[in-house]
Amino acid sequence: MSKIISVNQKIGNFKKIITVPGDKSLSIRWVLFSSIAKGTSKARNLLMSEDVLAAVEAVKKLGIKVIIKKKECKIFGKGIDGYKYKKNLTIDAQNSGTLGRLILGLLINSPEPINLVGDKSLSKRDFKRVSDPLSKFGAEFKLRSNNFLPLKIYGSSKLKPIKYNENKGSAQCKSSIIFAAMRTDGTTTIKAKKSRNHTELLCKHLKLPIIIKNSKNFDEIKIKKVKKINNLNYDIPSDISSSAFFIVLTALSKNSELTIKNVNINPSRIGIITILKKMGVRIIFRNKITYNGEKKADIKVMSAKNIRAINCPAELNSGAIDEFLVIFLVAAKAKGISYFKKLGELNQKESPRLKWAEKILANLGVKTIVKNDSIKIYGNPNLNLDFDKKIIIKNYLKDHRVFMTSLIAALSFGGNWTIYDKDSINTSFPNFLKIIEDLKK
């Protein structure tokens, strides 16, 4: 089966209703929480991607039974201290930074050293941002070059609570510290820069001893040792990050309309909606409800007739950090110059995404000015590529979002594209191409 996809025709107009797979952030967190809960937890619409299946394999290595059937996953938790720690245990996080960083918080009291490894891309990402605060609890770490995977964690039976300022806006770091605090006597306090809050909402839903005080730029989180977690049954809503590709495709297509069903619209995750609305894209939430502490709704989006440039407020960054690549495609067709700043976290992802944004936009003939953590995009409302404009996308560390963004660009603007490593979508969105084909019909 070819790992290359060729696109040489823009998508036609469409009016469709679609469903995208379960939220990746919630799917991985559900696996981890259920593995330390007491009793049988069930999930429907669990995202069956490589990242989530890596989380399943990780908890199975820790002695937790998991059964996956067509539409349901069951995890048979043994309680907060139910893990079995075998000697010479290695856990493979594969491509998942969420899994790799979060699970370290749960391994902090392991009586045996545990090796954590990942794929080529994950092994280039910073793990010191997690090992530093976790070391303050009493665990020890050995990292490659003091920063990277593979690493070895040496747990401690004498954990002590900490006070920590998380100033990067990293939900993964914050969540890892919360998991570690759940194993620690006393009260751990985290002053955390705003980021997605799925872990906190699950803690509240499970009635764990967590107190959260919100302010404009930071949250103060206090959490005490957890004695018991009840089983967690969850119908996981659809992923806003996966939905983003189709939201942008619809906005950039002529005479089109799309409804995406049952999407997680957690306020810490919908930066893309806020940004695109500011740029003139018509987006409506319908059938809004709150479920297990999370907000979800159907999202309706329509073709954008006049796209405005934006000087994007930096406070929206954390709520859109995984969606900026496709947001930049909208800016490419805006009238005027768009400016996005304080985006250093983009280069801490699966690939240096700010650099890849520059490359993709250059292929579109769009002028940019890129610095270490900012990008200016000189929009062209008449952007349209000739059929004979050849574009090749490869060697991007199999970053799933680079692949999907490139495909959306090809379908939106034309040109003759060859995009390598289409299997990269298995990380987060295995049926992405199937939904694309359904939209073409």
# chains A, B, ... in the order shown; residues from 1 in each chain; ligands from 1
>>> residues_around(residues="stretch 84-96 of chain A", least_positions_apart="3", cutoff="7 Å", atoms="only C-alpha atoms", output="ChimeraX atom specification")
/A:51,54,58,62-63,99-100,110,112,114-119,121-122
>>> write_last_selection(atoms="all heavy atoms", output="mmCIF file, in the first residue's frame")
data_model
loop_
_atom_site.group_PDB
_atom_site.id
_atom_site.type_symbol
_atom_site.label_atom_id
_atom_site.label_comp_id
_atom_site.auth_asym_id
_atom_site.auth_seq_id
_atom_site.Cartn_x
_atom_site.Cartn_y
_atom_site.Cartn_z
ATOM 1 N N ASP A 51 -1.699 6.590 19.264
ATOM 2 C CA ASP A 51 -1.387 7.218 20.556
ATOM 3 C C ASP A 51 -2.210 6.600 21.687
ATOM 4 O O ASP A 51 -1.691 6.324 22.776
ATOM 5 C CB ASP A 51 -1.662 8.721 20.495
ATOM 6 C CG ASP A 51 -0.542 9.498 19.831
ATOM 7 O OD1 ASP A 51 0.406 8.866 19.327
ATOM 8 O OD2 ASP A 51 -0.619 10.738 19.807
ATOM 9 N N ALA A 54 -1.245 3.023 22.364
ATOM 10 C CA ALA A 54 0.008 2.987 23.133
ATOM 11 C C ALA A 54 -0.282 3.145 24.619
ATOM 12 O O ALA A 54 0.362 2.501 25.469
ATOM 13 C CB ALA A 54 0.954 4.089 22.661
ATOM 14 N N ALA A 58 0.505 0.470 27.573
ATOM 15 C CA ALA A 58 1.283 0.892 28.746
ATOM 16 C C ALA A 58 0.645 0.392 30.030
ATOM 17 O O ALA A 58 1.329 -0.168 30.907
ATOM 18 C CB ALA A 58 1.424 2.408 28.766
ATOM 19 N N LEU A 62 1.559 -2.642 33.079
ATOM 20 C CA LEU A 62 1.540 -2.404 34.518
ATOM 21 C C LEU A 62 0.533 -3.308 35.229
ATOM 22 O O LEU A 62 0.175 -3.071 36.379
ATOM 23 C CB LEU A 62 1.226 -0.930 34.780
ATOM 24 C CG LEU A 62 2.341 0.037 34.339
ATOM 25 C CD1 LEU A 62 1.816 1.461 34.223
ATOM 26 C CD2 LEU A 62 3.524 -0.018 35.303
ATOM 27 N N GLY A 63 0.072 -4.337 34.526
ATOM 28 C CA GLY A 63 -0.755 -5.369 35.148
ATOM 29 C C GLY A 63 -2.245 -5.126 35.095
ATOM 30 O O GLY A 63 -3.015 -5.794 35.795
ATOM 31 N N LEU A 99 0.857 10.837 26.521
ATOM 32 C CA LEU A 99 1.066 9.601 27.274
ATOM 33 C C LEU A 99 2.411 9.629 27.991
ATOM 34 O O LEU A 99 2.487 9.355 29.201
ATOM 35 C CB LEU A 99 0.999 8.394 26.340
ATOM 36 C CG LEU A 99 1.440 7.057 26.950
ATOM 37 C CD1 LEU A 99 0.564 6.670 28.130
ATOM 38 C CD2 LEU A 99 1.456 5.963 25.888
ATOM 39 N N GLY A 100 3.474 9.956 27.273
ATOM 40 C CA GLY A 100 4.812 9.897 27.850
ATOM 41 C C GLY A 100 4.965 10.780 29.070
ATOM 42 O O GLY A 100 5.547 10.380 30.084
ATOM 43 N N SER A 110 7.103 4.042 41.890
ATOM 44 C CA SER A 110 7.487 2.693 41.485
ATOM 45 C C SER A 110 8.676 2.176 42.296
ATOM 46 O O SER A 110 9.690 2.868 42.423
ATOM 47 C CB SER A 110 7.856 2.679 39.999
ATOM 48 O OG SER A 110 8.472 1.454 39.658
ATOM 49 N N GLU A 112 10.518 -0.218 41.370
ATOM 50 C CA GLU A 112 11.489 -0.689 40.389
ATOM 51 C C GLU A 112 11.764 0.421 39.364
ATOM 52 O O GLU A 112 10.840 1.155 38.988
ATOM 53 C CB GLU A 112 10.973 -1.934 39.645
ATOM 54 C CG GLU A 112 10.683 -3.131 40.530
ATOM 55 C CD GLU A 112 11.954 -3.798 41.044
ATOM 56 O OE1 GLU A 112 13.037 -3.513 40.476
ATOM 57 O OE2 GLU A 112 11.860 -4.594 41.990
ATOM 58 N N ILE A 114 11.963 2.122 35.876
ATOM 59 C CA ILE A 114 11.177 1.894 34.660
ATOM 60 C C ILE A 114 11.768 2.723 33.530
ATOM 61 O O ILE A 114 12.075 3.910 33.700
ATOM 62 C CB ILE A 114 9.697 2.269 34.875
ATOM 63 C CG1 ILE A 114 9.074 1.365 35.944
ATOM 64 C CG2 ILE A 114 8.905 2.166 33.567
ATOM 65 C CD1 ILE A 114 7.638 1.719 36.289
ATOM 66 N N ASN A 115 11.920 2.083 32.380
ATOM 67 C CA ASN A 115 12.412 2.771 31.189
ATOM 68 C C ASN A 115 11.237 3.314 30.385
ATOM 69 O O ASN A 115 10.239 2.608 30.175
ATOM 70 C CB ASN A 115 13.222 1.810 30.305
ATOM 71 C CG ASN A 115 14.439 1.257 31.006
ATOM 72 O OD1 ASN A 115 15.323 2.014 31.399
ATOM 73 N ND2 ASN A 115 14.490 -0.044 31.175
ATOM 74 N N LEU A 116 11.341 4.554 29.932
ATOM 75 C CA LEU A 116 10.342 5.139 29.042
ATOM 76 C C LEU A 116 11.021 5.478 27.724
ATOM 77 O O LEU A 116 12.029 6.187 27.695
ATOM 78 C CB LEU A 116 9.736 6.404 29.656
ATOM 79 C CG LEU A 116 8.674 7.108 28.796
ATOM 80 C CD1 LEU A 116 7.399 6.271 28.701
ATOM 81 C CD2 LEU A 116 8.335 8.488 29.365
ATOM 82 N N VAL A 117 10.468 4.941 26.637
ATOM 83 C CA VAL A 117 11.027 5.183 25.311
ATOM 84 C C VAL A 117 9.927 5.743 24.408
ATOM 85 O O VAL A 117 8.746 5.727 24.743
ATOM 86 C CB VAL A 117 11.616 3.888 24.701
ATOM 87 C CG1 VAL A 117 12.713 3.328 25.586
ATOM 88 C CG2 VAL A 117 10.532 2.840 24.459
ATOM 89 N N GLY A 118 10.328 6.251 23.247
ATOM 90 C CA GLY A 118 9.377 6.763 22.267
ATOM 91 C C GLY A 118 9.953 6.643 20.877
ATOM 92 O O GLY A 118 11.081 6.176 20.694
ATOM 93 N N ASP A 119 9.192 7.069 19.877
ATOM 94 C CA ASP A 119 9.684 6.985 18.505
ATOM 95 C C ASP A 119 10.673 8.121 18.232
ATOM 96 O O ASP A 119 10.999 8.919 19.111
ATOM 97 C CB ASP A 119 8.520 6.975 17.502
ATOM 98 C CG ASP A 119 7.757 8.303 17.446
ATOM 99 O OD1 ASP A 119 8.177 9.277 18.101
ATOM 100 O OD2 ASP A 119 6.731 8.349 16.738
ATOM 101 N N SER A 121 10.456 10.886 16.607
ATOM 102 C CA SER A 121 9.938 12.238 16.807
ATOM 103 C C SER A 121 9.822 12.579 18.289
ATOM 104 O O SER A 121 10.289 13.636 18.742
ATOM 105 C CB SER A 121 8.566 12.375 16.130
ATOM 106 O OG SER A 121 7.956 13.595 16.473
ATOM 107 N N LEU A 122 9.215 11.685 19.079
ATOM 108 C CA LEU A 122 9.048 11.942 20.509
ATOM 109 C C LEU A 122 10.395 12.050 21.212
ATOM 110 O O LEU A 122 10.547 12.797 22.181
ATOM 111 C CB LEU A 122 8.190 10.851 21.156
ATOM 112 C CG LEU A 122 7.762 11.114 22.608
ATOM 113 C CD1 LEU A 122 6.912 12.377 22.711
ATOM 114 C CD2 LEU A 122 7.012 9.924 23.176
#
>>> residues_around(residues="A:Leu354", least_positions_apart="3", cutoff="10 Å", atoms="only C-alpha atoms", output="list in words")
Phe324, Leu325, Leu343, Gly344, Glu345, Leu346, Asn347, Gln348, Lys349, Ser351, Ala357, Glu358, Lys359, Val370, Lys371, Asn372, Asp373, Ser374 and Ile375 of chain A
>>> select_by_dssp(residues="stretch 176-308 of chain A", states="strand (DSSP E or B)", output="MDAnalysis selection string")
chainID A and resid 187:193 210:214 218:224 230 234:235 238 257:264 282:291 294:302 308
>>> residues_around(residues="stretch 124-137 of chain A", least_positions_apart="4", cutoff="6 Å", atoms="only C-alpha atoms", output="short mmCIF file (atom, residue, chain, number, x, y, z; two decimals) with N, CA and C atoms, in the first residue's frame")
data_model
loop_
_atom_site.label_atom_id
_atom_site.label_comp_id
_atom_site.auth_asym_id
_atom_site.auth_seq_id
_atom_site.Cartn_x
_atom_site.Cartn_y
_atom_site.Cartn_z
N ASN A 147 17.84 15.73 28.70
CA ASN A 147 16.59 16.33 28.24
C ASN A 147 15.61 15.35 27.58
N PHE A 148 16.13 14.28 27.01
CA PHE A 148 15.34 13.55 26.03
C PHE A 148 15.16 12.07 26.37
N LEU A 159 7.60 10.15 49.08
CA LEU A 159 7.27 11.32 48.29
C LEU A 159 6.83 12.48 49.19
N LYS A 160 7.19 13.69 48.78
CA LYS A 160 6.78 14.87 49.54
C LYS A 160 6.08 15.84 48.61
N CYS A 173 2.52 19.00 31.31
CA CYS A 173 3.31 19.17 32.54
C CYS A 173 2.39 19.27 33.75
#
>>> residues_around(residues="A:Lys376", least_positions_apart="3", cutoff="9 Å", atoms="only C-alpha atoms", output="list in words")
Ile337, Ser338, Tyr339, Phe340, Lys341, Lys367, Thr368, Ile369, Val370 and Lys371 of chain A
>>> residues_around(residues="A:Ile67", least_positions_apart="6", cutoff="10 Å", atoms="only C-alpha atoms", output="list in words")
Lys42, Val56, Cys73, Lys74, Ile75 and Phe76 of chain A
>>> closest_residue(among="A:Leu411, A:Leu102, A:Leu258, A:Ile210", to="A:Ala171", atoms="only C-alpha atoms")
A:Leu102
>>> residues_around(residues="stretch 193-195 of chain A", least_positions_apart="4", cutoff="8 Å", atoms="only C-alpha atoms", output="PyMOL selection string")
chain A and resi 166-171+217-219+268+318-319
>>> write_last_selection(atoms="all heavy atoms", output="mmCIF file, in the first residue's frame")
data_model
loop_
_atom_site.group_PDB
_atom_site.id
_atom_site.type_symbol
_atom_site.label_atom_id
_atom_site.label_comp_id
_atom_site.auth_asym_id
_atom_site.auth_seq_id
_atom_site.Cartn_x
_atom_site.Cartn_y
_atom_site.Cartn_z
ATOM 1 N N GLU A 166 4.034 26.462 36.957
ATOM 2 C CA GLU A 166 4.075 25.952 35.580
ATOM 3 C C GLU A 166 3.812 27.151 34.677
ATOM 4 O O GLU A 166 2.690 27.610 34.555
ATOM 5 C CB GLU A 166 3.006 24.858 35.390
ATOM 6 C CG GLU A 166 3.197 24.005 34.145
ATOM 7 C CD GLU A 166 3.048 24.784 32.852
ATOM 8 O OE1 GLU A 166 1.981 25.384 32.624
ATOM 9 O OE2 GLU A 166 4.030 24.821 32.083
ATOM 10 N N ASN A 167 4.861 27.670 34.038
ATOM 11 C CA ASN A 167 4.727 28.935 33.306
ATOM 12 C C ASN A 167 4.816 28.791 31.792
ATOM 13 O O ASN A 167 4.948 29.779 31.078
ATOM 14 C CB ASN A 167 5.774 29.952 33.799
ATOM 15 C CG ASN A 167 7.184 29.388 33.730
ATOM 16 O OD1 ASN A 167 7.448 28.443 32.997
ATOM 17 N ND2 ASN A 167 8.086 29.972 34.507
ATOM 18 N N LYS A 168 4.770 27.551 31.295
ATOM 19 C CA LYS A 168 4.828 27.337 29.849
ATOM 20 C C LYS A 168 3.446 27.207 29.217
ATOM 21 O O LYS A 168 3.297 27.222 27.999
ATOM 22 C CB LYS A 168 5.639 26.069 29.529
ATOM 23 C CG LYS A 168 7.100 26.132 29.951
ATOM 24 C CD LYS A 168 7.822 24.843 29.579
ATOM 25 C CE LYS A 168 9.265 24.844 30.082
ATOM 26 N NZ LYS A 168 10.064 25.917 29.444
ATOM 27 N N GLY A 169 2.434 27.038 30.044
ATOM 28 C CA GLY A 169 1.106 26.780 29.494
ATOM 29 C C GLY A 169 0.993 25.380 28.927
ATOM 30 O O GLY A 169 0.301 25.141 27.944
ATOM 31 N N SER A 170 1.676 24.421 29.565
ATOM 32 C CA SER A 170 1.680 23.031 29.103
ATOM 33 C C SER A 170 0.721 22.197 29.947
ATOM 34 O O SER A 170 0.972 21.946 31.128
ATOM 35 C CB SER A 170 3.092 22.443 29.189
ATOM 36 O OG SER A 170 3.054 21.043 28.985
ATOM 37 N N ALA A 171 -0.366 21.751 29.336
ATOM 38 C CA ALA A 171 -1.316 20.887 30.044
ATOM 39 C C ALA A 171 -0.683 19.551 30.401
ATOM 40 O O ALA A 171 -1.052 18.926 31.399
ATOM 41 C CB ALA A 171 -2.561 20.669 29.187
ATOM 42 N N ASN A 217 -4.886 34.869 34.068
ATOM 43 C CA ASN A 217 -3.763 34.259 33.347
ATOM 44 C C ASN A 217 -3.279 32.941 33.943
ATOM 45 O O ASN A 217 -2.609 32.167 33.259
ATOM 46 C CB ASN A 217 -2.586 35.243 33.295
ATOM 47 C CG ASN A 217 -2.933 36.498 32.522
ATOM 48 O OD1 ASN A 217 -3.532 36.432 31.456
ATOM 49 N ND2 ASN A 217 -2.572 37.655 33.073
ATOM 50 N N PHE A 218 -3.611 32.701 35.216
ATOM 51 C CA PHE A 218 -3.119 31.507 35.896
ATOM 52 C C PHE A 218 -4.250 30.829 36.662
ATOM 53 O O PHE A 218 -5.228 31.465 37.041
ATOM 54 C CB PHE A 218 -1.989 31.857 36.873
ATOM 55 C CG PHE A 218 -0.687 32.209 36.217
ATOM 56 C CD1 PHE A 218 -0.428 33.501 35.792
ATOM 57 C CD2 PHE A 218 0.289 31.239 36.020
ATOM 58 C CE1 PHE A 218 0.762 33.832 35.186
ATOM 59 C CE2 PHE A 218 1.491 31.557 35.410
ATOM 60 C CZ PHE A 218 1.731 32.854 34.994
ATOM 61 N N ASP A 219 -4.082 29.538 36.882
ATOM 62 C CA ASP A 219 -4.954 28.793 37.785
ATOM 63 C C ASP A 219 -4.118 28.307 38.959
ATOM 64 O O ASP A 219 -2.991 27.830 38.771
ATOM 65 C CB ASP A 219 -5.574 27.578 37.085
ATOM 66 C CG ASP A 219 -6.518 27.977 35.969
ATOM 67 O OD1 ASP A 219 -7.134 29.047 36.067
ATOM 68 O OD2 ASP A 219 -6.620 27.222 34.988
ATOM 69 N N SER A 268 -11.206 25.678 27.129
ATOM 70 C CA SER A 268 -9.746 25.730 27.024
ATOM 71 C C SER A 268 -9.230 25.141 25.714
ATOM 72 O O SER A 268 -8.023 25.141 25.461
ATOM 73 C CB SER A 268 -9.101 24.991 28.208
ATOM 74 O OG SER A 268 -9.299 23.583 28.117
ATOM 75 N N SER A 318 -2.905 29.086 23.843
ATOM 76 C CA SER A 318 -2.966 27.769 24.486
ATOM 77 C C SER A 318 -4.211 27.007 24.075
ATOM 78 O O SER A 318 -4.191 25.775 23.976
ATOM 79 C CB SER A 318 -2.913 27.906 26.015
ATOM 80 O OG SER A 318 -4.070 28.568 26.500
ATOM 81 N N GLY A 319 -5.301 27.716 23.772
ATOM 82 C CA GLY A 319 -6.532 27.063 23.372
ATOM 83 C C GLY A 319 -6.580 26.672 21.915
ATOM 84 O O GLY A 319 -7.563 26.084 21.458
#
>>> residues_around(residues="A:Ser49", least_positions_apart="2", cutoff="6 Å", atoms="only C-alpha atoms", output="PyMOL selection string")
chain A and resi 47+51-52+426-428
>>> atom_distance(atom1="atom CA of A:Asp81", atom2="atom CA of A:Leu202")
18.8 Å
>>> atom_distance(atom1="atom CA of A:Ile36", atom2="atom CA of A:Leu151")
22.9 Å
>>> select_by_dssp(residues="stretch 36-76 of chain A", states="helix (DSSP H, G or I)", output="NGL selection string")
:A and (50-61)
>>> closest_atom_pairs(of="stretch 248-302 of chain A", to="stretch 412-416 of chain A", cutoff="10 Å", atoms="only C-alpha atoms", output="JSON lines")
{"residue": "A:Val248", "atom": "CA", "partner": "A:Ser412", "partner_atom": "CA", "distance": 9.0}
{"residue": "A:Leu249", "atom": "CA", "partner": "A:Ser412", "partner_atom": "CA", "distance": 6.4}
{"residue": "A:Thr250", "atom": "CA", "partner": "A:Ser412", "partner_atom": "CA", "distance": 8.8}
{"residue": "A:Ala251", "atom": "CA", "partner": "A:Ser412", "partner_atom": "CA", "distance": 9.3}
{"residue": "A:Leu252", "atom": "CA", "partner": "A:Ser412", "partner_atom": "CA", "distance": 6.0}
{"residue": "A:Ser253", "atom": "CA", "partner": "A:Ser412", "partner_atom": "CA", "distance": 6.2}
{"residue": "A:Lys254", "atom": "CA", "partner": "A:Ser412", "partner_atom": "CA", "distance": 9.3}
>>> write_last_selection(atoms="C-alpha atoms", output="PDB file, in the first residue's frame")
ATOM      1  CA  VAL A 248     -11.088  25.188   7.759  1.00  0.00           C
ATOM      2  CA  LEU A 249     -11.775  23.186   4.590  1.00  0.00           C
ATOM      3  CA  THR A 250     -15.409  24.338   4.686  1.00  0.00           C
ATOM      4  CA  ALA A 251     -14.467  27.968   5.377  1.00  0.00           C
ATOM      5  CA  LEU A 252     -12.086  27.972   2.391  1.00  0.00           C
ATOM      6  CA  SER A 253     -14.454  26.154  -0.010  1.00  0.00           C
ATOM      7  CA  LYS A 254     -17.132  27.858  -2.110  1.00  0.00           C
TER       8      LYS A 254
END
>>> closest_residue(among="A:Arg308, A:Ile425, A:Ile260, A:Ile299", to="A:Lys277", atoms="only C-alpha atoms")
A:Arg308
>>> closest_residue(among="A:Lys296, A:Leu433, A:Arg196, A:Lys335", to="A:Ile321", atoms="only C-alpha atoms")
A:Arg196
